[in-house]
Structure formats: structure tokens, C-alpha cells
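**Student:** What follows is my_file_23.tsv, made up of TSV, C-alpha atoms:
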```
chain	number	residue	atom	x	y	z
A	1	MET	CA	123.16	83.62	148.04
A	2	ASN	CA	120.08	85.65	148.94
A	3	GLU	CA	117.74	83.18	150.73
A	4	ARG	CA	114.57	85.02	149.72
A	5	HIS	CA	113.09	83.52	146.57
A	6	MET	CA	112.04	85.80	143.76
A	7	THR	CA	108.60	87.42	143.78
A	8	ASP	CA	106.15	86.94	140.89
A	9	ASP	CA	106.98	90.44	139.79
A	10	GLU	CA	110.69	89.64	139.63
A	11	ILE	CA	110.01	86.40	137.78
A	12	ALA	CA	108.00	88.37	135.21
A	13	ARG	CA	110.90	90.81	134.83
A	14	ALA	CA	113.31	87.93	134.31
A	15	VAL	CA	111.09	86.32	131.67
A	16	ALA	CA	110.75	89.65	129.86
A	17	GLY	CA	114.52	90.06	129.84
A	18	LEU	CA	114.35	93.29	131.85
A	19	GLU	CA	117.28	94.19	134.07
A	20	LEU	CA	117.24	92.74	137.57
A	21	ASP	CA	118.77	94.04	140.73
A	22	GLY	CA	122.34	92.62	141.13
A	23	GLU	CA	121.44	90.58	144.19
A	24	ILE	CA	118.31	89.15	142.56
A	25	GLN	CA	120.24	88.26	139.44
A	26	ARG	CA	122.83	86.41	141.58
A	27	HIS	CA	120.01	84.57	143.34
A	28	LEU	CA	118.47	83.55	140.01
A	29	ASP	CA	121.83	82.26	138.80
A	30	ALA	CA	122.19	80.09	141.89
A	31	CYS	CA	118.59	79.03	142.65
A	32	LEU	CA	117.23	76.05	140.70
A	33	GLY	CA	113.66	76.63	141.96
A	34	CYS	CA	113.51	80.23	140.68
A	35	ARG	CA	115.14	79.26	137.39
A	36	ARG	CA	112.42	76.62	136.95
A	37	ARG	CA	109.73	79.24	137.52
A	38	VAL	CA	111.28	81.45	134.85
A	39	GLU	CA	111.65	78.48	132.53
A	40	ALA	CA	107.99	77.50	133.07
A	41	LEU	CA	106.98	80.49	130.94
A	42	LYS	CA	109.99	80.70	128.68
A	43	ALA	CA	109.52	77.12	127.44
A	44	PRO	CA	106.00	77.55	126.03
A	45	LEU	CA	107.04	80.91	124.55
A	46	ALA	CA	109.91	79.20	122.75
A	47	ALA	CA	107.61	76.37	121.65
A	48	ARG	CA	105.09	78.82	120.24
A	49	ARG	CA	107.83	80.66	118.37
A	50	ARG	CA	109.06	77.35	116.90
A	51	GLU	CA	105.52	76.58	115.82
A	52	MET	CA	105.40	79.88	113.92
A	53	LEU	CA	108.78	79.28	112.32
A	54	ASP	CA	107.74	75.78	111.25
A	55	ALA	CA	105.04	77.42	109.14
A	56	ALA	CA	107.51	79.94	107.69
A	57	PRO	CA	108.19	79.89	103.95
A	58	ASP	CA	111.36	78.57	102.39
A	59	TRP	CA	113.64	81.59	102.84
A	60	GLU	CA	115.56	81.19	99.59
A	61	ALA	CA	112.35	80.78	97.60
A	62	GLN	CA	110.88	83.85	99.27
A	63	ARG	CA	114.02	85.87	98.46
A	64	GLU	CA	113.90	84.79	94.82
A	65	GLN	CA	110.23	85.63	94.64
A	66	ILE	CA	110.88	89.13	95.99
A	67	LEU	CA	113.70	89.74	93.49
A	68	PHE	CA	111.49	88.43	90.70
A	69	ARG	CA	108.67	90.75	91.73
A	70	LEU	CA	110.97	93.76	91.58
A	71	ASP	CA	110.55	93.56	87.81
A	72	GLY	CA	106.77	93.42	88.03
A	73	PRO	CA	104.38	96.35	87.60
A	74	ALA	CA	103.94	96.71	91.38
A	75	ALA	CA	107.54	97.68	91.95
A	76	VAL	CA	108.96	101.02	90.95
A	77	VAL	CA	112.65	101.13	90.21
A	78	PRO	CA	114.55	103.44	92.60
A	79	ARG	CA	114.97	106.98	91.32
A	80	LEU	CA	118.74	106.89	91.04
A	81	HIS	CA	118.57	103.80	88.89
A	82	ARG	CA	115.74	105.09	86.73
A	83	ARG	CA	117.06	108.56	86.05
A	84	HIS	CA	119.61	107.82	83.35
A	85	TRP	CA	117.59	105.91	80.80
A	86	ALA	CA	113.96	106.68	81.62
A	87	ARG	CA	114.09	110.33	80.56
A	88	ALA	CA	115.65	109.59	77.19
A	89	LEU	CA	113.17	106.80	76.58
A	90	LEU	CA	110.21	109.00	77.53
A	91	ALA	CA	111.48	111.82	75.33
A	92	ALA	CA	111.95	109.46	72.37
A	93	ALA	CA	108.45	108.06	72.86
A	94	ALA	CA	106.98	111.57	73.03
A	95	VAL	CA	108.69	112.60	69.78
A	96	LEU	CA	107.57	109.47	67.96
A	97	ILE	CA	103.98	109.86	69.15
A	98	ALA	CA	103.95	113.55	68.13
A	99	ALA	CA	105.38	112.77	64.70
A	100	LEU	CA	102.95	109.89	64.16
A	101	GLY	CA	100.01	112.07	65.24
A	102	LEU	CA	100.93	114.85	62.85
A	103	TRP	CA	101.48	112.43	60.02
A	104	LEU	CA	98.10	110.73	60.53
A	105	ASN	CA	96.37	114.09	60.89
A	106	ALA	CA	97.81	115.33	57.61
A	107	GLY	CA	96.61	112.13	55.92
A	108	ARG	CA	93.09	112.47	57.35
A	109	ARG	CA	92.64	116.06	56.18
A	110	SER	CA	93.08	115.16	52.50
A	111	PRO	CA	92.67	111.42	52.12
A	112	ALA	CA	92.36	111.49	48.37
A	113	THR	CA	95.50	113.51	47.68
A	114	PRO	CA	98.91	111.95	48.12
A	115	ARG	CA	101.25	113.59	50.65
A	116	THR	CA	103.50	116.18	49.11
A	117	ASP	CA	107.16	116.85	49.95
A	118	ALA	CA	106.01	120.13	51.53
A	119	GLN	CA	103.80	118.26	53.98
A	120	VAL	CA	106.61	115.89	54.92
A	121	GLU	CA	108.97	118.81	55.39
A	122	ARG	CA	106.45	120.57	57.62
A	123	VAL	CA	106.26	117.51	59.87
A	124	LEU	CA	110.04	117.26	59.96
A	125	ASP	CA	110.31	120.95	60.84
A	126	GLN	CA	107.96	120.47	63.79
A	127	VAL	CA	109.92	117.46	65.01
A	128	ASN	CA	113.14	119.44	64.70
A	129	ALA	CA	111.65	122.35	66.62
A	130	THR	CA	110.64	119.99	69.43
A	131	LEU	CA	114.08	118.40	69.48
A	132	ALA	CA	115.75	121.78	69.64
A	133	ASP	CA	113.72	122.76	72.72
A	134	ASP	CA	116.20	122.48	75.60
A	135	ARG	CA	113.42	122.64	78.20
A	136	VAL	CA	112.36	119.07	77.41
A	137	PRO	CA	114.50	116.79	79.63
A	138	GLY	CA	116.44	113.90	78.15
A	139	PHE	CA	116.63	115.24	74.57
A	140	GLU	CA	120.37	115.69	74.89
A	141	ALA	CA	120.66	111.89	74.74
A	142	LEU	CA	118.78	111.85	71.46
A	143	ASP	CA	121.10	114.33	69.77
A	144	GLN	CA	123.39	111.48	68.87
A	145	LEU	CA	120.58	109.46	67.33
A	146	VAL	CA	118.53	112.07	65.46
A	147	PRO	CA	120.14	114.08	62.61
A	148	SER	CA	120.39	117.84	63.12
A	149	PRO	CA	118.28	120.24	60.94
A	150	GLY	CA	121.43	120.99	58.89
A	151	GLU	CA	122.00	117.31	58.24
A	152	ILE	CA	118.37	116.85	57.22
A	153	ALA	CA	118.59	119.79	54.79
A	154	GLY	CA	121.76	118.28	53.31
A	155	LEU	CA	120.06	114.93	52.86
A	156	GLN	CA	117.07	116.58	51.15
A	157	THR	CA	119.33	118.52	48.74
A	158	HIS	CA	121.18	115.31	47.95
A	159	LYS	CA	117.87	113.53	47.31
A	160	LYS	CA	116.64	116.30	44.97
A	161	SER	CA	119.86	116.35	43.01
A	162	GLN	CA	119.59	112.60	42.53
A	163	GLY	CA	115.90	112.91	41.47
B	164	MET	CA	130.43	99.84	87.95
B	165	SER	CA	130.71	96.50	86.18
B	166	THR	CA	128.80	93.42	87.33
B	167	ARG	CA	132.08	91.72	88.22
B	168	GLU	CA	133.20	94.70	90.31
B	169	ARG	CA	129.83	94.79	92.10
B	170	GLY	CA	130.07	91.06	92.78
B	171	ARG	CA	133.57	91.52	94.20
B	172	ARG	CA	132.43	94.34	96.47
B	173	LEU	CA	129.44	92.32	97.62
B	174	LYS	CA	131.72	89.40	98.45
B	175	ASP	CA	133.88	91.79	100.50
B	176	VAL	CA	130.84	92.86	102.46
B	177	MET	CA	129.77	89.27	103.03
B	178	ARG	CA	133.26	88.30	104.15
B	179	ALA	CA	133.32	91.25	106.52
B	180	SER	CA	129.92	90.18	107.75
B	181	ALA	CA	131.22	86.71	108.60
B	182	MET	CA	134.20	88.12	110.47
B	183	ARG	CA	132.42	90.83	112.44
B	184	THR	CA	129.29	90.33	114.45
B	185	ALA	CA	129.08	93.60	116.40
B	186	ASP	CA	125.86	95.53	115.97
B	187	GLY	CA	127.59	98.68	114.72
B	188	ASP	CA	129.40	96.77	112.00
B	189	ARG	CA	126.17	95.14	110.91
B	190	HIS	CA	124.52	98.53	110.75
B	191	GLU	CA	127.37	99.87	108.59
B	192	GLU	CA	127.17	96.86	106.30
B	193	ASP	CA	123.41	97.31	105.96
B	194	TRP	CA	123.96	100.96	105.12
B	195	ALA	CA	126.58	100.12	102.47
B	196	LEU	CA	124.29	97.49	100.95
B	197	SER	CA	121.35	99.89	100.92
B	198	VAL	CA	123.41	102.50	99.06
B	199	ARG	CA	124.41	99.94	96.44
B	200	ALA	CA	120.83	98.67	96.17
B	201	GLN	CA	119.72	102.24	95.60
B	202	GLU	CA	122.14	102.46	92.69
B	203	GLY	CA	120.41	99.47	91.15
B	204	ASP	CA	122.59	96.66	92.51
B	205	ARG	CA	120.08	93.82	92.84
B	206	ASP	CA	122.58	91.46	94.44
B	207	ALA	CA	122.99	93.97	97.25
B	208	PHE	CA	119.23	94.17	97.72
B	209	GLY	CA	119.05	90.38	97.67
B	210	GLU	CA	121.62	90.29	100.45
B	211	LEU	CA	119.54	92.77	102.48
B	212	VAL	CA	116.51	90.53	102.03
B	213	ARG	CA	118.54	87.51	103.16
B	214	ARG	CA	119.66	89.33	106.29
B	215	HIS	CA	116.26	90.56	107.39
B	216	GLN	CA	113.60	88.29	105.87
B	217	LYS	CA	113.16	86.15	108.99
B	218	LEU	CA	112.62	89.19	111.21
B	219	VAL	CA	110.21	90.81	108.74
B	220	PHE	CA	108.26	87.58	108.34
B	221	MET	CA	107.97	87.07	112.11
B	222	VAL	CA	106.80	90.65	112.60
B	223	CYS	CA	104.18	90.29	109.86
B	224	ARG	CA	103.16	86.93	111.33
B	225	GLN	CA	102.21	88.67	114.59
B	226	TYR	CA	99.88	91.11	112.85
B	227	VAL	CA	98.23	89.29	109.97
B	228	GLY	CA	98.53	85.64	110.99
B	229	ALA	CA	100.03	82.61	109.31
B	230	ASP	CA	98.08	82.74	106.05
B	231	ASP	CA	99.07	86.23	104.96
B	232	ALA	CA	102.45	86.66	106.64
B	233	ASP	CA	104.51	85.58	103.62
B	234	GLU	CA	102.66	87.91	101.26
B	235	ALA	CA	102.88	90.81	103.74
B	236	ALA	CA	106.62	90.20	104.18
B	237	GLN	CA	107.20	90.20	100.42
B	238	GLU	CA	105.14	93.35	100.07
B	239	THR	CA	107.24	94.94	102.79
B	240	PHE	CA	110.45	94.33	100.87
B	241	LEU	CA	108.95	95.60	97.61
B	242	LYS	CA	107.87	98.79	99.37
B	243	ALA	CA	111.27	99.10	101.01
B	244	TYR	CA	112.95	98.83	97.59
B	245	THR	CA	110.94	101.73	96.23
B	246	LYS	CA	111.60	103.78	99.37
B	247	LEU	CA	115.32	103.09	99.73
B	248	GLY	CA	116.06	106.69	98.77
B	249	THR	CA	114.32	107.86	101.96
B	250	TYR	CA	116.39	105.65	104.27
B	251	ASP	CA	118.98	107.95	105.85
B	252	GLY	CA	120.85	105.40	107.97
B	253	ARG	CA	120.07	107.12	111.28
B	254	SER	CA	118.08	104.14	112.56
B	255	LYS	CA	118.94	100.50	112.03
B	256	LEU	CA	117.79	99.16	108.69
B	257	SER	CA	116.03	96.33	110.53
B	258	THR	CA	113.96	98.87	112.50
B	259	TRP	CA	113.16	100.79	109.32
B	260	LEU	CA	112.01	97.56	107.67
B	261	VAL	CA	109.93	96.60	110.70
B	262	ARG	CA	108.15	99.96	110.53
B	263	ILE	CA	107.33	99.41	106.86
B	264	GLY	CA	106.25	95.87	107.73
B	265	ILE	CA	103.91	97.02	110.49
B	266	ASN	CA	102.35	99.68	108.23
B	267	THR	CA	101.91	97.12	105.45
B	268	CYS	CA	100.17	94.77	107.87
B	269	LEU	CA	97.94	97.52	109.27
B	270	ASP	CA	96.88	98.42	105.72
B	271	LEU	CA	96.03	94.77	105.12
B	272	LEU	CA	94.05	94.57	108.36
B	273	ARG	CA	92.11	97.72	107.43
B	274	LYS	CA	91.26	96.18	104.07
B	275	ARG	CA	90.16	93.00	105.81
B	276	ALA	CA	88.02	94.97	108.25
B	277	ARG	CA	86.33	96.80	105.35
B	278	ARG	CA	85.52	93.44	103.80
B	279	GLY	CA	84.18	92.19	107.13
B	280	ILE	CA	86.91	89.61	107.67
B	281	ARG	CA	87.79	88.87	111.31
B	282	VAL	CA	90.77	90.86	112.56
B	283	ASP	CA	92.58	88.96	115.28
B	284	GLY	CA	96.17	88.95	114.08
B	285	ASP	CA	96.21	85.17	114.17
B	286	GLY	CA	94.77	84.51	110.76
B	287	GLY	CA	91.69	82.97	112.31
B	288	GLU	CA	93.57	79.89	113.42
B	289	ASN	CA	92.42	78.01	116.48
B	290	PRO	CA	95.36	77.76	118.88
B	291	ILE	CA	93.89	74.65	120.47
B	292	MET	CA	94.15	72.89	117.14
B	293	ALA	CA	97.67	74.15	116.49
B	294	VAL	CA	100.17	71.42	115.78
B	295	LEU	CA	103.01	71.81	118.20
B	296	PRO	CA	106.55	70.51	117.92
B	297	ASP	CA	107.19	67.32	119.82
B	298	ASP	CA	110.26	68.24	121.79
B	299	ALA	CA	109.12	66.73	125.07
B	300	ALA	CA	110.22	63.14	125.37
B	301	ASP	CA	107.25	61.29	126.83
B	302	PRO	CA	103.64	61.52	125.62
B	303	GLU	CA	102.33	62.90	128.92
B	304	ARG	CA	104.79	65.78	128.94
B	305	ARG	CA	104.06	66.43	125.28
B	306	ALA	CA	100.36	66.67	126.03
B	307	ILE	CA	101.02	69.08	128.91
B	308	GLN	CA	103.20	71.24	126.72
B	309	ARG	CA	100.54	71.34	123.99
B	310	GLN	CA	97.97	72.47	126.51
B	311	THR	CA	100.31	75.09	127.96
B	312	VAL	CA	101.10	76.55	124.57
B	313	ALA	CA	97.43	76.61	123.63
B	314	ARG	CA	96.63	78.47	126.87
B	315	LEU	CA	99.51	80.81	126.23
B	316	ALA	CA	98.00	81.67	122.85
B	317	TYR	CA	94.64	82.39	124.48
B	318	ALA	CA	96.13	84.42	127.32
B	319	GLU	CA	98.13	86.42	124.84
B	320	ALA	CA	95.11	87.07	122.63
B	321	ALA	CA	93.25	88.42	125.67
B	322	LEU	CA	95.90	91.07	126.37
B	323	PRO	CA	95.17	94.74	125.65
B	324	ALA	CA	96.27	95.64	122.12
B	325	GLN	CA	99.48	97.50	122.92
B	326	GLN	CA	100.63	94.94	125.48
B	327	ARG	CA	99.96	92.14	123.02
B	328	GLU	CA	101.88	93.96	120.30
B	329	VAL	CA	104.93	94.51	122.50
B	330	PHE	CA	104.73	90.95	123.89
B	331	ARG	CA	104.68	89.38	120.44
B	332	LEU	CA	107.43	91.58	118.98
B	333	ARG	CA	109.63	90.78	121.96
B	334	PHE	CA	109.15	87.01	122.21
B	335	TYR	CA	108.34	85.89	118.68
B	336	ALA	CA	110.10	88.46	116.50
B	337	GLU	CA	112.86	88.57	119.15
B	338	MET	CA	113.30	92.31	118.89
B	339	GLU	CA	115.33	94.35	121.36
B	340	LEU	CA	113.46	96.77	123.62
B	341	ASP	CA	114.89	99.87	121.93
B	342	GLU	CA	114.02	98.47	118.49
B	343	ILE	CA	110.41	97.89	119.58
B	344	ALA	CA	110.27	101.41	120.99
B	345	GLU	CA	111.51	102.93	117.75
B	346	ALA	CA	109.28	100.78	115.56
B	347	LEU	CA	106.17	101.66	117.57
B	348	ASP	CA	107.23	105.25	118.13
B	349	VAL	CA	107.05	105.05	121.92
B	350	THR	CA	109.69	105.32	124.65
B	351	VAL	CA	111.75	102.39	125.91
B	352	GLY	CA	110.17	103.00	129.31
B	353	THR	CA	106.71	102.46	127.83
B	354	VAL	CA	107.86	99.24	126.16
B	355	LYS	CA	109.31	97.96	129.45
B	356	LYS	CA	106.14	98.80	131.35
B	357	GLN	CA	103.83	97.20	128.77
B	358	LEU	CA	106.01	94.12	128.46
B	359	HIS	CA	106.25	93.64	132.21
B	360	ARG	CA	102.48	93.92	132.58
B	361	ALA	CA	101.88	91.57	129.68
B	362	VAL	CA	104.21	88.88	131.04
B	363	HIS	CA	102.66	89.23	134.47
B	364	ARG	CA	99.14	88.75	133.09
B	365	VAL	CA	100.04	85.83	130.86
B	366	ARG	CA	101.87	84.16	133.72
B	367	GLU	CA	98.87	84.61	136.01
B	368	GLU	CA	96.59	83.06	133.38
B	369	LEU	CA	98.84	80.06	132.99
B	370	GLU	CA	99.25	79.67	136.77
B	371	ALA	CA	95.49	79.82	137.27
B	372	VAL	CA	94.88	76.60	135.34
B	373	ARG	CA	97.76	74.62	136.81
```
Can you present the structure in this file as C-alpha cells?
**Tutor:**
Amino acid sequence: MNERHMTDDEIARAVAGLELDGEIQRHLDACLGCRRRVEALKAPLAARRREMLDAAPDWEAQREQILFRLDGPAAVVPRLHRRHWARALLAAAAVLIAALGLWLNAGRRSPATPRTDAQVERVLDQVNATLADDRVPGFEALDQLVPSPGEIAGLQTHKKSQG
Amino acid sequence: MSTRERGRRLKDVMRASAMRTADGDRHEEDWALSVRAQEGDRDAFGELVRRHQKLVFMVCRQYVGADDADEAAQETFLKAYTKLGTYDGRSKLSTWLVRIGINTCLDLLRKRARRGIRVDGDGGENPIMAVLPDDAADPERRAIQRQTVARLAYAEAALPAQQREVFRLRFYAEMELDEIAEALDVTVGTVKKQLHRAVHRVREELEAVR
């Protein structure tokens, strides 16, 4: 064993967990006095860390809280997850708002007169034109839900023949 | 992928986690979990939280103090969830989370400073009044340990900012030197130098009152 005890600098290195010269490391392993000097700082450091951990939250509760908050307004769902349904939903909302706006507008212009079939058809034509616009993302998903212009025309013919 | 299938795959990862402890394996598992979390698998994200919440909390604790550490840690994970698409797996997930955590805490400290609230990273607590664990057997030794820890807290608070940051991340968040370097965007050599100086100073302070 190296008889020379460790310097303050070497003790600081040992406390910090920095690499020590091979001979110094062997001395530290064998010398109780030097180990005590290292321990004299490591012990309060460990005690202070324990003190901080004692004030830590319940980990499971914290985890649940985080997962719960993922649904809140602060969290945004990752893009990959959002992509599939968000576009279709946004497109559907846009079409409904546009249709509702046109319908209300037509009503406001002539409040005293009842809406004619021509007015309704004009609104439906505009909705169909919007739906047929391939540049609007997500409309492909709506194709299965909304009848095509041909189907609408067929329905109208059927309605007239019944009337 | 069905919920059952996702559950089965998650169990596989957890089993693998129990069997392998090597750093590289852990990194691979984190990466796999992050990919699944990105696809919307909440169980996978929950597992990531479980793996890293203690580290993230202890990092936040060093910056914003005891009162706000929990909130800052939660905020860190919420931010991480929204940014998962930007994680490329080149660094460890833990380091990536620590970086988000540090930025979250710095934002909080800036807000506090604007509102004129004291910024000391210790939440305004008085270390002298801190309740310490009683792990020393006799009352005299307990009292000495309390005093030593209180002085340690003061000595540490008196360190220059970067030394204090490195010191706390090393001893309380128990981060490796290379992780600290990456999180703070400095070299490992700088971390070693700052840490060595910090320990030296703190030790001198404690020796001076003995």
C-alpha cells in the first residue's frame, strides 16, 4: 500500500466519482482514514438526497396524474395519432358550418317567405361542390357517409314522383 | 394494433427489462416504447413515465425547489409527449427528458423572476429548518448530522451557478458525467472540472466549521 495519504484534491476527486490514479485508488481501498475522509462528505450528500426524496410525490399517483392530463386541453395528441381521425372530423365540421351558414343566410334575406325547393337545392349544390373538391384534406373519409350528387338527384326525383 | 396485442408487446418489453439491465438494452427498450407511445399507445407512455419519473423529479427539484418540483416534472412529461415525434433516439431518452425538464424549470424561474418571486432553486426553504432523516443512532450524532447537512446546503447555495448546477445534478439527480454534459450542452471535461471545483469548495466550507 502507498503510505502517503490522499491529498484534499484527491479526496475531492474521489467524492465526485472522478477517476483516480491506480495507486491512489488502491490506497483508498486499503486505508480506513482516507475512506473516512471521503465518507465525511458523501454521508451528508446522501442524507440531503434522502431528504429531497422524502418530500417526493407518490410515484404512482404522479404517473396517473400525468396520463390523466394527457387528455386535457394543455396536451396535444402526437401527430401520428391525430392524423387519421382529426382531418375527417375537421372536414365534416367545416361542411356542416358552411351548410348551416348558407341556410341561415337564405332565411335572413327573405324572412317572410318560406324556403323554396330551389333554395334548398342551391344549398345542396354548394355542399356537393365543396365535397367534390379534392384539395380539401380528409373529404375522402366522408365519401362513405355523404350521398353523391347522383344519389341526391335520384332521391329528389323519387320525392317528386311521390308528391 | 389491438389493445390486447399492445398489452402483450408491452409485457414483452417489461419482461425483457427485468432480465436485462445493460445500458444499451435499456436505451433500446426506451426507444421501442417511445415509438409505440408516438403511435398513441398510452400504456407505453405510462411505462416511460414510470422509468424516468424519479430522475425528472429530482432534476426539477434542483432548479425550482420542493414546492414546484412535482408540477414541473408533470409538465415535463406532458411536453415530452407532444414532442415525441422529434426524439430521434440518438441520445438516451433520459437525457432528452432531462433537457426538456431543465428548459421547463428555466421557463418557470423566468416567470417567477418577472413576478418578483425569489429565484434560488430551493423553493425559498430554509435549510437550517429542514427536517432531516434520523439515521444516526444517538441524539448527539443526529444533531451533528443535521448541522452538517444544513451547512452543506448553505455551501452548495454559495457555489457559482454552473458549479452548483453540475454538483446538484451529479449528487442528487445521480446523473452520469456524460449525461450531465449532454443535458447542459457542455463537454465532459467541463463537467469534470466544475464538479471537482464544486466538491473542493463545499468540502472546504464544511471543514472550516469543524
**Student:** As a PDB file with C-alpha atoms, keeping the file's coordinate frame, could you give me every residue of chain A near chain B (at most 10 Å apart, counting only C-alpha atoms)?
**Tutor:**
```pdb
ATOM      1  CA  ASP A   8     106.150  86.940 140.890  1.00  0.00           C
ATOM      2  CA  ASP A   9     106.980  90.440 139.790  1.00  0.00           C
ATOM      3  CA  GLU A  10     110.690  89.640 139.630  1.00  0.00           C
ATOM      4  CA  ILE A  11     110.010  86.400 137.780  1.00  0.00           C
ATOM      5  CA  ALA A  12     108.000  88.370 135.210  1.00  0.00           C
ATOM      6  CA  ARG A  13     110.900  90.810 134.830  1.00  0.00           C
ATOM      7  CA  ALA A  14     113.310  87.930 134.310  1.00  0.00           C
ATOM      8  CA  VAL A  15     111.090  86.320 131.670  1.00  0.00           C
ATOM      9  CA  ALA A  16     110.750  89.650 129.860  1.00  0.00           C
ATOM     10  CA  GLY A  17     114.520  90.060 129.840  1.00  0.00           C
ATOM     11  CA  LEU A  18     114.350  93.290 131.850  1.00  0.00           C
ATOM     12  CA  GLU A  19     117.280  94.190 134.070  1.00  0.00           C
ATOM     13  CA  VAL A  38     111.280  81.450 134.850  1.00  0.00           C
ATOM     14  CA  ALA A  40     107.990  77.500 133.070  1.00  0.00           C
ATOM     15  CA  LEU A  41     106.980  80.490 130.940  1.00  0.00           C
ATOM     16  CA  LYS A  42     109.990  80.700 128.680  1.00  0.00           C
ATOM     17  CA  ALA A  43     109.520  77.120 127.440  1.00  0.00           C
ATOM     18  CA  PRO A  44     106.000  77.550 126.030  1.00  0.00           C
ATOM     19  CA  LEU A  45     107.040  80.910 124.550  1.00  0.00           C
ATOM     20  CA  ALA A  46     109.910  79.200 122.750  1.00  0.00           C
ATOM     21  CA  ALA A  47     107.610  76.370 121.650  1.00  0.00           C
ATOM     22  CA  ARG A  48     105.090  78.820 120.240  1.00  0.00           C
ATOM     23  CA  ARG A  49     107.830  80.660 118.370  1.00  0.00           C
ATOM     24  CA  ARG A  50     109.060  77.350 116.900  1.00  0.00           C
ATOM     25  CA  GLU A  51     105.520  76.580 115.820  1.00  0.00           C
ATOM     26  CA  MET A  52     105.400  79.880 113.920  1.00  0.00           C
ATOM     27  CA  LEU A  53     108.780  79.280 112.320  1.00  0.00           C
ATOM     28  CA  ASP A  54     107.740  75.780 111.250  1.00  0.00           C
ATOM     29  CA  ALA A  55     105.040  77.420 109.140  1.00  0.00           C
ATOM     30  CA  ALA A  56     107.510  79.940 107.690  1.00  0.00           C
ATOM     31  CA  PRO A  57     108.190  79.890 103.950  1.00  0.00           C
ATOM     32  CA  ASP A  58     111.360  78.570 102.390  1.00  0.00           C
ATOM     33  CA  TRP A  59     113.640  81.590 102.840  1.00  0.00           C
ATOM     34  CA  GLU A  60     115.560  81.190  99.590  1.00  0.00           C
ATOM     35  CA  GLN A  62     110.880  83.850  99.270  1.00  0.00           C
ATOM     36  CA  ARG A  63     114.020  85.870  98.460  1.00  0.00           C
ATOM     37  CA  GLU A  64     113.900  84.790  94.820  1.00  0.00           C
ATOM     38  CA  GLN A  65     110.230  85.630  94.640  1.00  0.00           C
ATOM     39  CA  ILE A  66     110.880  89.130  95.990  1.00  0.00           C
ATOM     40  CA  LEU A  67     113.700  89.740  93.490  1.00  0.00           C
ATOM     41  CA  ARG A  69     108.670  90.750  91.730  1.00  0.00           C
ATOM     42  CA  LEU A  70     110.970  93.760  91.580  1.00  0.00           C
ATOM     43  CA  ALA A  74     103.940  96.710  91.380  1.00  0.00           C
ATOM     44  CA  ALA A  75     107.540  97.680  91.950  1.00  0.00           C
ATOM     45  CA  VAL A  76     108.960 101.020  90.950  1.00  0.00           C
ATOM     46  CA  VAL A  77     112.650 101.130  90.210  1.00  0.00           C
ATOM     47  CA  PRO A  78     114.550 103.440  92.600  1.00  0.00           C
ATOM     48  CA  ARG A  79     114.970 106.980  91.320  1.00  0.00           C
ATOM     49  CA  LEU A  80     118.740 106.890  91.040  1.00  0.00           C
ATOM     50  CA  HIS A  81     118.570 103.800  88.890  1.00  0.00           C
ATOM     51  CA  ARG A  82     115.740 105.090  86.730  1.00  0.00           C
TER      52      ARG A  82
END
```
**Student:** Just give me the gap between CA of Gln119 (chain A) and CA of Leu90 (chain A) in Å, one decimal is fine.
**Tutor:**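 Separation between CA of Gln119 (chain A) and CA of Leu90 (chain A): 26.1 Å.
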**Student:** To one decimal place in Å, what is the distance between CA of Arg214 (chain B) and CA of Glu192 (chain B)?
**Tutor:**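 Taking CA of Arg214 (chain B) and CA of Glu192 (chain B), their separation equals 10.6 Å.
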**Student:** Mind giving me the straight-line distance from CA of Arg262 (chain B) to CA of Arg278 (chain B) in Å, one decimal?
**Tutor:**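 Atom-to-atom, CA of Arg262 (chain B) to CA of Arg278 (chain B), that is 24.5 Å.
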**Student:** Can you work out which one of A:Ala92, A:His5, A:Glu23, A:Glu121 has the shortest atom-to-atom distance to Arg35 (chain A), counting all atoms listed in the file?
**Tutor:**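 Closest to Arg35 (chain A) of all the choices is A:His5.
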**Student:** Give me, as an MDAnalysis selection string, all polymer residues having an atom no more than 7 Å from Val123 (chain A), counting only C-alpha atoms and skipping those fewer than 6 positions away in the same chain.
**Tutor:** chainID A and resid 99 102:103
**Student:** Name the closest residue to Thr7 (chain A) among the candidates A:Asp71, A:Asp29, A:Asn105, A:Leu20; distances are taken between atoms, counting all atoms listed in the file.
**Tutor:** A:Leu20
**Student:** As a PyMOL selection string, please: the residues near Gly252 (chain B) (cut-off 9 Å, all atoms listed in the file, same-chain neighbours under 6 positions excluded).
**Tutor:** chain B and resi 190-191+193-194+197
